[in-house]
file entry_4.tsv (TSV, C-alpha atoms (C1' of nucleotides))
chain	number	residue	atom	x	y	z
D	1	MET	CA	-0.27	30.94	1.66
D	2	ASN	CA	2.23	28.14	2.30
D	3	ILE	CA	1.35	24.48	2.40
D	4	GLY	CA	1.57	24.36	6.18
D	5	ASP	CA	-1.14	26.97	6.59
D	6	ALA	CA	-3.28	25.35	3.91
D	7	ALA	CA	-2.92	22.10	5.80
D	8	GLU	CA	-3.99	23.66	9.06
D	9	ARG	CA	-6.88	25.53	7.50
D	10	SER	CA	-8.18	22.48	5.65
D	11	GLY	CA	-7.39	19.73	8.10
D	12	VAL	CA	-5.52	17.83	5.38
D	13	SER	CA	-1.87	16.95	6.03
D	14	ALA	CA	0.79	18.59	3.89
D	15	LYS	CA	1.85	15.15	2.75
D	16	MET	CA	-1.62	14.42	1.47
D	17	ILE	CA	-1.98	17.84	-0.12
D	18	ARG	CA	1.08	17.15	-2.26
D	19	TYR	CA	-0.32	13.75	-3.11
D	20	TYR	CA	-3.68	15.19	-4.16
D	21	GLU	CA	-1.80	17.57	-6.40
D	22	GLU	CA	0.13	14.66	-7.88
D	23	ILE	CA	-3.12	12.91	-8.80
D	24	ALA	CA	-4.39	16.18	-10.26
D	25	LEU	CA	-7.15	16.98	-7.78
D	26	LEU	CA	-5.84	20.52	-7.45
D	27	LYS	CA	-3.12	22.69	-8.93
D	28	PRO	CA	-1.81	25.42	-6.66
D	29	ALA	CA	0.36	28.24	-7.97
D	30	ARG	CA	4.11	28.18	-7.49
D	31	ARG	CA	6.21	31.03	-6.25
D	32	ASP	CA	9.64	31.85	-7.59
D	33	ASN	CA	11.35	29.94	-4.84
D	34	GLY	CA	9.44	26.78	-5.77
D	35	TYR	CA	7.07	26.98	-2.82
D	36	ARG	CA	3.44	26.12	-3.49
D	37	ASP	CA	1.07	29.03	-3.01
D	38	TYR	CA	-2.50	28.32	-1.92
D	39	ASP	CA	-5.45	30.68	-2.18
D	40	GLU	CA	-8.92	30.49	-0.63
D	41	ALA	CA	-10.28	28.46	-3.53
D	42	ASN	CA	-7.55	25.87	-3.01
D	43	VAL	CA	-8.43	25.65	0.66
D	44	SER	CA	-12.07	25.10	-0.25
D	45	VAL	CA	-11.11	22.28	-2.56
D	46	LEU	CA	-9.02	20.72	0.19
D	47	GLN	CA	-11.91	21.00	2.61
D	48	PHE	CA	-14.13	19.41	0.00
D	49	ILE	CA	-11.71	16.51	-0.37
D	50	GLY	CA	-11.32	16.09	3.36
D	51	ARG	CA	-15.04	16.11	3.91
D	52	THR	CA	-15.87	13.63	1.17
D	53	ARG	CA	-13.04	11.34	2.33
D	54	ASP	CA	-14.51	11.52	5.82
D	55	LEU	CA	-17.81	10.44	4.36
D	56	GLY	CA	-16.12	7.36	2.99
D	57	PHE	CA	-15.82	8.22	-0.70
D	58	SER	CA	-12.74	6.83	-2.43
D	59	LEU	CA	-10.38	9.30	-4.08
D	60	GLY	CA	-11.79	8.21	-7.44
D	61	GLU	CA	-15.27	9.11	-6.30
D	62	VAL	CA	-13.96	12.32	-4.81
D	63	ALA	CA	-12.53	13.22	-8.19
D	64	ASN	CA	-15.95	12.67	-9.77
D	65	LEU	CA	-17.72	14.78	-7.17
D	66	LEU	CA	-15.11	17.48	-7.51
D	67	ALA	CA	-15.62	17.63	-11.27
D	68	LEU	CA	-19.36	17.98	-10.71
D	69	TRP	CA	-18.77	20.69	-8.17
D	70	ARG	CA	-16.49	22.62	-10.47
D	71	ASP	CA	-18.90	22.41	-13.38
D	72	ARG	CA	-22.08	23.80	-11.89
D	73	LYS	CA	-24.01	23.19	-15.10
D	74	ARG	CA	-23.93	19.44	-14.64
D	75	PRO	CA	-27.28	18.10	-13.41
D	76	SER	CA	-27.56	17.46	-9.71
D	77	ARG	CA	-29.08	14.12	-10.62
D	78	GLU	CA	-25.57	12.73	-10.99
D	79	VAL	CA	-24.61	13.88	-7.54
D	80	LYS	CA	-27.70	12.31	-6.10
D	81	ARG	CA	-27.01	9.06	-7.92
D	82	LEU	CA	-23.43	8.93	-6.61
D	83	ALA	CA	-24.65	9.58	-3.09
D	84	ALA	CA	-27.34	6.91	-3.39
D	85	LYS	CA	-24.85	4.38	-4.70
D	86	HIS	CA	-22.55	5.13	-1.82
D	87	ILE	CA	-25.39	4.74	0.66
D	88	THR	CA	-26.32	1.30	-0.62
D	89	ASP	CA	-22.65	0.31	-0.61
D	90	LEU	CA	-22.35	1.33	3.01
D	91	GLU	CA	-25.56	-0.43	3.96
D	92	ARG	CA	-24.37	-3.65	2.37
D	93	ARG	CA	-21.08	-3.47	4.22
D	94	ILE	CA	-22.89	-2.72	7.46
D	95	SER	CA	-25.09	-5.77	7.17
D	96	GLU	CA	-22.10	-7.96	6.35
D	97	MET	CA	-20.29	-6.68	9.41
D	98	ARG	CA	-23.35	-7.29	11.55
D	99	ALA	CA	-23.48	-10.88	10.35
D	100	VAL	CA	-19.87	-11.29	11.43
D	101	VAL	CA	-20.67	-9.80	14.83
D	102	ARG	CA	-23.54	-12.26	15.25
D	103	THR	CA	-21.25	-15.16	14.39
D	104	LEU	CA	-18.52	-14.02	16.77
D	105	LYS	CA	-20.99	-13.52	19.60
D	106	ARG	CA	-22.45	-16.96	19.07
D	107	LEU	CA	-18.97	-18.47	19.11
D	108	ALA	CA	-17.90	-16.52	22.18
D	109	ASP	CA	-20.98	-17.73	24.05
D	110	HIS	CA	-19.65	-21.27	23.80
D	111	CYS	CA	-16.26	-20.31	25.17
D	112	HIS	CA	-15.73	-20.67	28.90
D	113	GLY	CA	-13.37	-17.76	29.18
D	114	ASP	CA	-11.44	-19.36	32.02
D	115	GLU	CA	-8.19	-21.29	32.35
D	116	ARG	CA	-9.56	-24.44	30.78
D	117	SER	CA	-8.47	-25.06	27.25
D	118	GLU	CA	-11.73	-25.99	25.63
D	119	CYS	CA	-12.73	-23.20	23.31
D	120	PRO	CA	-14.89	-24.23	20.38
D	121	ILE	CA	-14.21	-20.92	18.68
D	122	LEU	CA	-10.84	-22.01	17.43
D	123	ASP	CA	-12.01	-25.40	16.22
D	124	ASP	CA	-14.87	-23.73	14.47
D	125	PHE	CA	-12.34	-21.48	12.74
D	126	ALA	CA	-10.48	-24.50	11.40
D	127	ALA	CA	-13.60	-26.28	10.16
D	128	PRO	CA	-16.65	-24.03	10.40
D	129	ALA	CA	-20.01	-25.69	10.98
D	130	GLY	CA	-21.59	-26.47	7.65
D	131	THR	CA	-18.20	-26.90	6.03
D	132	ARG	CA	-17.09	-29.62	8.32
D	133	LYS	CA	-17.82	-32.51	6.01
D	134	VAL	CA	-18.47	-30.69	2.77
D	135	GLY	CA	-15.81	-29.60	0.30
D	136	SER	CA	-14.47	-26.09	-0.06
D	137	ALA	CA	-17.18	-23.48	0.36
D	138	LYS	CA	-15.86	-20.72	-1.83
D	139	ARG	CA	-17.80	-17.74	-0.55
D	140	ARG	CA	-15.18	-15.18	0.44
D	141	GLY	CA	-17.64	-12.45	1.12
D	142	VAL	CA	-16.90	-9.86	3.74
D	143	LYS	CA	-15.09	-6.70	2.69
D	144	ARG	CA	-12.77	-5.52	5.36
D	145	SER	CA	-10.53	-2.54	6.00
P	1	MET	CA	-0.40	-32.51	-2.19
P	2	ASN	CA	0.57	-29.65	-4.49
P	3	ILE	CA	-0.24	-26.02	-3.82
P	4	GLY	CA	-3.02	-25.99	-6.39
P	5	ASP	CA	-4.93	-28.72	-4.59
P	6	ALA	CA	-4.30	-27.13	-1.22
P	7	ALA	CA	-5.67	-23.89	-2.65
P	8	GLU	CA	-8.80	-25.59	-3.90
P	9	ARG	CA	-9.34	-27.52	-0.70
P	10	SER	CA	-8.85	-24.48	1.53
P	11	GLY	CA	-10.38	-21.77	-0.62
P	12	VAL	CA	-7.18	-19.72	-0.31
P	13	SER	CA	-5.41	-18.73	-3.53
P	14	ALA	CA	-1.99	-20.22	-4.25
P	15	LYS	CA	-0.59	-16.73	-4.31
P	16	MET	CA	-1.84	-16.08	-0.80
P	17	ILE	CA	-0.68	-19.48	0.44
P	18	ARG	CA	2.89	-18.62	-0.55
P	19	TYR	CA	2.52	-15.25	1.11
P	20	TYR	CA	1.25	-16.80	4.35
P	21	GLU	CA	4.28	-19.05	4.30
P	22	GLU	CA	6.52	-16.03	3.79
P	23	ILE	CA	5.11	-14.37	6.91
P	24	ALA	CA	5.55	-17.66	8.77
P	25	LEU	CA	1.92	-18.61	9.31
P	26	LEU	CA	2.65	-22.11	8.02
P	27	LYS	CA	5.62	-24.12	6.83
P	28	PRO	CA	4.82	-26.87	4.35
P	29	ALA	CA	7.33	-29.57	3.45
P	30	ARG	CA	9.32	-29.37	0.25
P	31	ARG	CA	9.80	-32.18	-2.22
P	32	ASP	CA	13.04	-32.85	-4.06
P	33	ASN	CA	11.90	-30.94	-7.09
P	34	GLY	CA	11.30	-27.84	-4.98
P	35	TYR	CA	7.53	-28.17	-5.00
P	36	ARG	CA	5.70	-27.45	-1.75
P	37	ASP	CA	3.97	-30.46	-0.24
P	38	TYR	CA	0.83	-29.90	1.84
P	39	ASP	CA	-0.71	-32.36	4.28
P	40	GLU	CA	-4.12	-32.34	5.95
P	41	ALA	CA	-2.82	-30.29	8.87
P	42	ASN	CA	-1.61	-27.61	6.47
P	43	VAL	CA	-5.02	-27.53	4.83
P	44	SER	CA	-6.66	-27.11	8.23
P	45	VAL	CA	-4.37	-24.19	8.98
P	46	LEU	CA	-5.25	-22.62	5.66
P	47	GLN	CA	-8.94	-23.08	6.34
P	48	PHE	CA	-8.38	-21.52	9.75
P	49	ILE	CA	-6.71	-18.51	8.15
P	50	GLY	CA	-9.38	-18.19	5.48
P	51	ARG	CA	-12.16	-18.38	8.01
P	52	THR	CA	-10.67	-15.84	10.41
P	53	ARG	CA	-9.89	-13.49	7.53
P	54	ASP	CA	-13.51	-13.81	6.44
P	55	LEU	CA	-14.52	-12.82	9.94
P	56	GLY	CA	-12.52	-9.65	9.54
P	57	PHE	CA	-9.45	-10.37	11.64
P	58	SER	CA	-6.23	-8.82	10.39
P	59	LEU	CA	-3.34	-11.14	9.57
P	60	GLY	CA	-1.68	-10.04	12.80
P	61	GLU	CA	-4.73	-11.10	14.75
P	62	VAL	CA	-4.91	-14.29	12.74
P	63	ALA	CA	-1.33	-15.04	13.77
P	64	ASN	CA	-2.31	-14.59	17.44
P	65	LEU	CA	-5.32	-16.84	17.12
P	66	LEU	CA	-3.29	-19.42	15.27
P	67	ALA	CA	-0.69	-19.48	18.05
P	68	LEU	CA	-3.49	-20.00	20.57
P	69	TRP	CA	-4.95	-22.76	18.47
P	70	ARG	CA	-1.63	-24.51	18.16
P	71	ASP	CA	-0.88	-24.32	21.86
P	72	ARG	CA	-3.96	-25.89	23.38
P	73	LYS	CA	-2.68	-25.25	26.89
P	74	ARG	CA	-3.23	-21.50	26.58
P	75	PRO	CA	-6.36	-20.37	28.42
P	76	SER	CA	-9.43	-19.88	26.32
P	77	ARG	CA	-9.85	-16.56	28.11
P	78	GLU	CA	-7.42	-15.02	25.64
P	79	VAL	CA	-9.43	-16.24	22.70
P	80	LYS	CA	-12.59	-14.84	24.22
P	81	ARG	CA	-10.88	-11.53	24.87
P	82	LEU	CA	-9.66	-11.28	21.28
P	83	ALA	CA	-13.11	-12.10	19.98
P	84	ALA	CA	-14.71	-9.54	22.29
P	85	LYS	CA	-12.24	-6.87	21.24
P	86	HIS	CA	-12.97	-7.60	17.62
P	87	ILE	CA	-16.71	-7.41	18.27
P	88	THR	CA	-16.46	-3.98	19.85
P	89	ASP	CA	-14.19	-2.84	17.01
P	90	LEU	CA	-16.77	-3.94	14.48
P	91	GLU	CA	-19.61	-2.34	16.39
P	92	ARG	CA	-17.77	0.96	16.53
P	93	ARG	CA	-17.13	0.89	12.82
P	94	ILE	CA	-20.76	-0.02	12.16
P	95	SER	CA	-22.03	2.94	14.11
P	96	GLU	CA	-19.61	5.27	12.34
P	97	MET	CA	-20.79	4.01	8.99
P	98	ARG	CA	-24.41	4.44	10.03
P	99	ALA	CA	-23.70	8.03	10.98
P	100	VAL	CA	-22.26	8.59	7.51
P	101	VAL	CA	-25.35	7.01	5.94
P	102	ARG	CA	-27.59	9.33	7.95
P	103	THR	CA	-25.60	12.35	6.80
P	104	LEU	CA	-25.67	11.31	3.17
P	105	LYS	CA	-29.41	10.64	3.28
P	106	ARG	CA	-30.06	14.00	4.82
P	107	LEU	CA	-27.95	15.69	2.15
P	108	ALA	CA	-29.59	13.73	-0.67
P	109	ASP	CA	-33.03	14.76	0.58
P	110	HIS	CA	-32.16	18.37	-0.18
P	111	CYS	CA	-31.02	17.56	-3.70
P	112	HIS	CA	-33.59	17.92	-6.46
P	113	GLY	CA	-32.21	15.13	-8.56
P	114	ASP	CA	-33.25	16.80	-11.78
P	115	GLU	CA	-31.54	18.89	-14.44
P	116	ARG	CA	-31.33	21.98	-12.30
P	117	SER	CA	-27.93	22.69	-10.91
P	118	GLU	CA	-28.74	23.49	-7.32
P	119	CYS	CA	-27.48	20.68	-5.19
P	120	PRO	CA	-26.61	21.65	-1.65
P	121	ILE	CA	-24.72	18.39	-1.17
P	122	LEU	CA	-21.66	19.68	-2.95
P	123	ASP	CA	-21.61	23.00	-1.19
P	124	ASP	CA	-21.98	21.21	2.08
P	125	PHE	CA	-18.96	19.14	1.17
P	126	ALA	CA	-16.87	22.25	0.66
P	127	ALA	CA	-17.95	23.88	3.91
P	128	PRO	CA	-19.99	21.50	6.03
P	129	ALA	CA	-22.61	22.99	8.32
P	130	GLY	CA	-21.07	23.69	11.69
P	131	THR	CA	-17.68	24.32	10.11
P	132	ARG	CA	-18.85	27.10	7.90
P	133	LYS	CA	-17.60	29.95	10.06
P	134	VAL	CA	-15.46	28.07	12.54
P	135	GLY	CA	-11.84	27.06	11.99
P	136	SER	CA	-10.59	23.62	11.04
P	137	ALA	CA	-12.58	20.87	12.70
P	138	LYS	CA	-9.91	18.24	13.01
P	139	ARG	CA	-12.02	15.13	13.55
P	140	ARG	CA	-10.96	12.74	10.83
P	141	GLY	CA	-12.91	9.83	12.19
P	142	VAL	CA	-14.38	7.25	9.88
P	143	LYS	CA	-12.32	4.18	9.05
P	144	ARG	CA	-12.92	3.07	5.52
P	145	SER	CA	-11.93	0.22	3.30
F	1	DC	C1'	8.35	-36.49	-28.02
F	2	DT	C1'	5.60	-32.73	-27.35
F	3	DA	C1'	2.20	-29.74	-25.47
F	4	DA	C1'	-0.46	-28.51	-21.68
F	5	DA	C1'	-0.75	-27.84	-17.06
F	6	DC	C1'	1.59	-27.48	-13.32
F	7	DC	C1'	5.21	-25.50	-10.18
F	8	DT	C1'	9.10	-22.07	-8.77
F	9	DT	C1'	11.03	-17.25	-7.76
F	10	DC	C1'	11.13	-12.39	-8.68
F	11	DC	C1'	9.30	-7.97	-9.73
F	12	DC	C1'	5.48	-4.75	-10.06
F	13	DA	C1'	0.94	-2.65	-8.92
F	14	DT	C1'	-2.88	-1.38	-6.11
F	15	DA	C1'	-5.03	2.63	-2.25
F	16	DA	C1'	-4.07	6.05	0.92
F	17	DT	C1'	-1.09	7.44	4.11
F	18	DG	C1'	3.04	8.23	6.88
F	19	DG	C1'	8.18	8.50	7.84
F	20	DG	C1'	12.38	10.29	6.93
F	21	DA	C1'	16.65	11.95	4.47
F	22	DA	C1'	19.09	15.49	1.87
F	23	DG	C1'	19.00	19.92	0.67
F	24	DG	C1'	17.11	24.82	-0.35
F	25	DT	C1'	14.75	29.16	1.82
F	26	DC	C1'	13.21	32.40	4.92
F	27	DA	C1'	12.59	35.05	9.19
F	28	DA	C1'	14.03	36.51	13.51
F	29	DC	C1'	17.35	37.65	16.66
F	30	DA	C1'	22.00	38.89	18.66
L	1	DT	C1'	26.02	40.02	9.29
L	2	DG	C1'	25.75	35.47	10.80
L	3	DT	C1'	23.37	31.83	12.75
L	4	DT	C1'	19.59	29.15	14.09
L	5	DG	C1'	15.26	27.12	13.66
L	6	DA	C1'	11.21	26.58	11.17
L	7	DC	C1'	9.76	26.15	7.03
L	8	DC	C1'	9.69	24.24	2.17
L	9	DT	C1'	11.21	20.98	-1.80
L	10	DT	C1'	11.84	16.21	-4.01
L	11	DC	C1'	12.82	11.39	-3.63
L	12	DC	C1'	12.64	6.93	-1.63
L	13	DC	C1'	10.67	3.49	1.41
L	14	DA	C1'	7.02	1.15	4.30
L	15	DT	C1'	2.55	-0.21	5.20
L	16	DT	C1'	-1.81	-4.24	4.20
L	17	DA	C1'	-3.46	-7.89	1.63
L	18	DT	C1'	-3.92	-9.14	-2.71
L	19	DG	C1'	-3.32	-9.93	-7.67
L	20	DG	C1'	-0.79	-9.96	-12.29
L	21	DG	C1'	2.64	-11.54	-14.99
L	22	DA	C1'	7.29	-12.99	-16.76
L	23	DA	C1'	10.95	-16.35	-17.11
L	24	DG	C1'	12.02	-20.74	-16.37
L	25	DG	C1'	11.84	-25.71	-14.47
L	26	DT	C1'	8.73	-30.17	-14.02
L	27	DT	C1'	5.32	-33.40	-14.64
L	28	DT	C1'	1.81	-35.71	-17.04
L	29	DA	C1'	-1.22	-37.02	-20.76
L	30	DG	C1'	-1.63	-38.04	-25.47
call {"tool": "encode", "arguments": {"input": "entry_4.tsv", "output": "structure tokens"}}
result
Amino acid sequence: MNIGDAAERSGVSAKMIRYYEEIALLKPARRDNGYRDYDEANVSVLQFIGRTRDLGFSLGEVANLLALWRDRKRPSREVKRLAAKHITDLERRISEMRAVVRTLKRLADHCHGDERSECPILDDFAAPAGTRKVGSAKRRGVKRS
Amino acid sequence: MNIGDAAERSGVSAKMIRYYEEIALLKPARRDNGYRDYDEANVSVLQFIGRTRDLGFSLGEVANLLALWRDRKRPSREVKRLAAKHITDLERRISEMRAVVRTLKRLADHCHGDERSECPILDDFAAPAGTRKVGSAKRRGVKRS
DNA sequence: CTAAACCTTCCCATAATGGGAAGGTCAACA
DNA sequence: TGTTGACCTTCCCATTATGGGAAGGTTTAG
């Protein structure tokens, strides 16, 4: 089947399918005219990639998982470990984001939200409480998208 | 002061300081030898940028906030609105990530985690439950870093 | 005077994705 | 048969925010 159909069947764009081939995640056959030719197994791989990307795995991690999937003899322990690592990663990011939300809500509570200019949010941005007299506080912590 | 000191005082790398200048977030003076010359106001702006970046605002949003901060006559309502929008953005992303965590935990619970090969996680990746007989489920939802 | 520690600009790379141009191929229809 | 439109191909560029590093000028300390 052509790349367009593979894209529709897998939910992965044709552009991305070619890219995944470039980084060696799959290797579809080629027809004489140069067109890529996808079979059911290829579509499964694409669905696998799409699904794991949806679950937030990086393409590097996807490549690992895919290798495990292809080699069924590998112990499932590795899969479980990868999943667990990803879970703790996500939970750390979630708690960082929640801390940011708390800070923003606290700041917004001190903001009138009317035509008057006083808005302590902005001043707090320039010299956050706790840093106001101290030197540079080097913690750049929050991962963002 | 030189860029190195401004970097140390603001917690923003020299590389990034030059980049922020390139995208017109600040405009330090130049000395005769071509060196950039930062004053206290510049350092405050850099701290502002660093802080808002830490809070997860994109550089585009930072530029908005910076314009509001510079023009004190603008109503604080806009600041509050931007903050509120960012809060709901973050909360949406948090709940998406928590859904992913739930899914991964559920999958991991069905994985032996020993030397045996059976690990339903991987098969679920290839054809997730609920998609197994149906066509392409197009929801690519989760934003990731 | 020299060496180290700065500074400058310019180019490249990253991760994952999309846009678009230039050109080849195929299928359907008159 | 010819044409048209819908495919496909590769190649290049853009994005976001950041870092690395080279080549070269400057300043400062010894």
call {"tool": "axis_aligned_box", "arguments": {"input": "entry_4.tsv", "around": "stretch 28-42 of chain P", "padding_each_side": "5 Å", "output": "lines of an AutoDock Vina configuration file"}}
result
center_x = 4.5
center_y = -29.9
center_z = 0.9
size_x = 27.2
size_y = 16.0
size_z = 26.0
call {"tool": "closest_residue", "arguments": {"input": "entry_4.tsv", "among": "D:Asp39, D:Asp54, D:Asp71, D:Glu61", "to": "chain P", "atoms": "all atoms listed in the file"}}
result
D:Asp54
call {"tool": "interface_residues", "arguments": {"input": "entry_4.tsv", "of": "chain L", "to": "chain P", "cutoff": "12 Å", "atoms": "only C-alpha atoms (C1' of nucleotides)", "output": "PyMOL selection string"}}
result
chain L and resi 16-20+25-27
call {"tool": "write_last_selection", "arguments": {"input": "entry_4.tsv", "atoms": "C-alpha atoms (C1' of nucleotides)", "output": "short mmCIF file (atom, residue, chain, number, x, y, z; two decimals), keeping the file's coordinate frame"}}
result
data_model
loop_
_atom_site.label_atom_id
_atom_site.label_comp_id
_atom_site.auth_asym_id
_atom_site.auth_seq_id
_atom_site.Cartn_x
_atom_site.Cartn_y
_atom_site.Cartn_z
"C1'" DT L 16 -1.81 -4.24 4.20
"C1'" DA L 17 -3.46 -7.89 1.63
"C1'" DT L 18 -3.92 -9.14 -2.71
"C1'" DG L 19 -3.32 -9.93 -7.67
"C1'" DG L 20 -0.79 -9.96 -12.29
"C1'" DG L 25 11.84 -25.71 -14.47
"C1'" DT L 26 8.73 -30.17 -14.02
"C1'" DT L 27 5.32 -33.40 -14.64
#
call {"tool": "closest_atom_pairs", "arguments": {"input": "entry_4.tsv", "of": "chain F", "to": "chain P", "cutoff": "9 Å", "atoms": "all atoms listed in the file", "output": "Markdown table"}}
result
| residue | atom | partner | partner_atom | distance |
| --- | --- | --- | --- | --- |
| F:DC6 | C1' | P:Gly4 | CA | 8.5 |
| F:DC7 | C1' | P:Tyr35 | CA | 6.3 |
| F:DT8 | C1' | P:Gly34 | CA | 7.2 |
call {"tool": "atom_distance", "arguments": {"input": "entry_4.tsv", "atom1": "atom C1' of L:DT15", "atom2": "atom CA of P:Val100"}}
result
26.4 Å
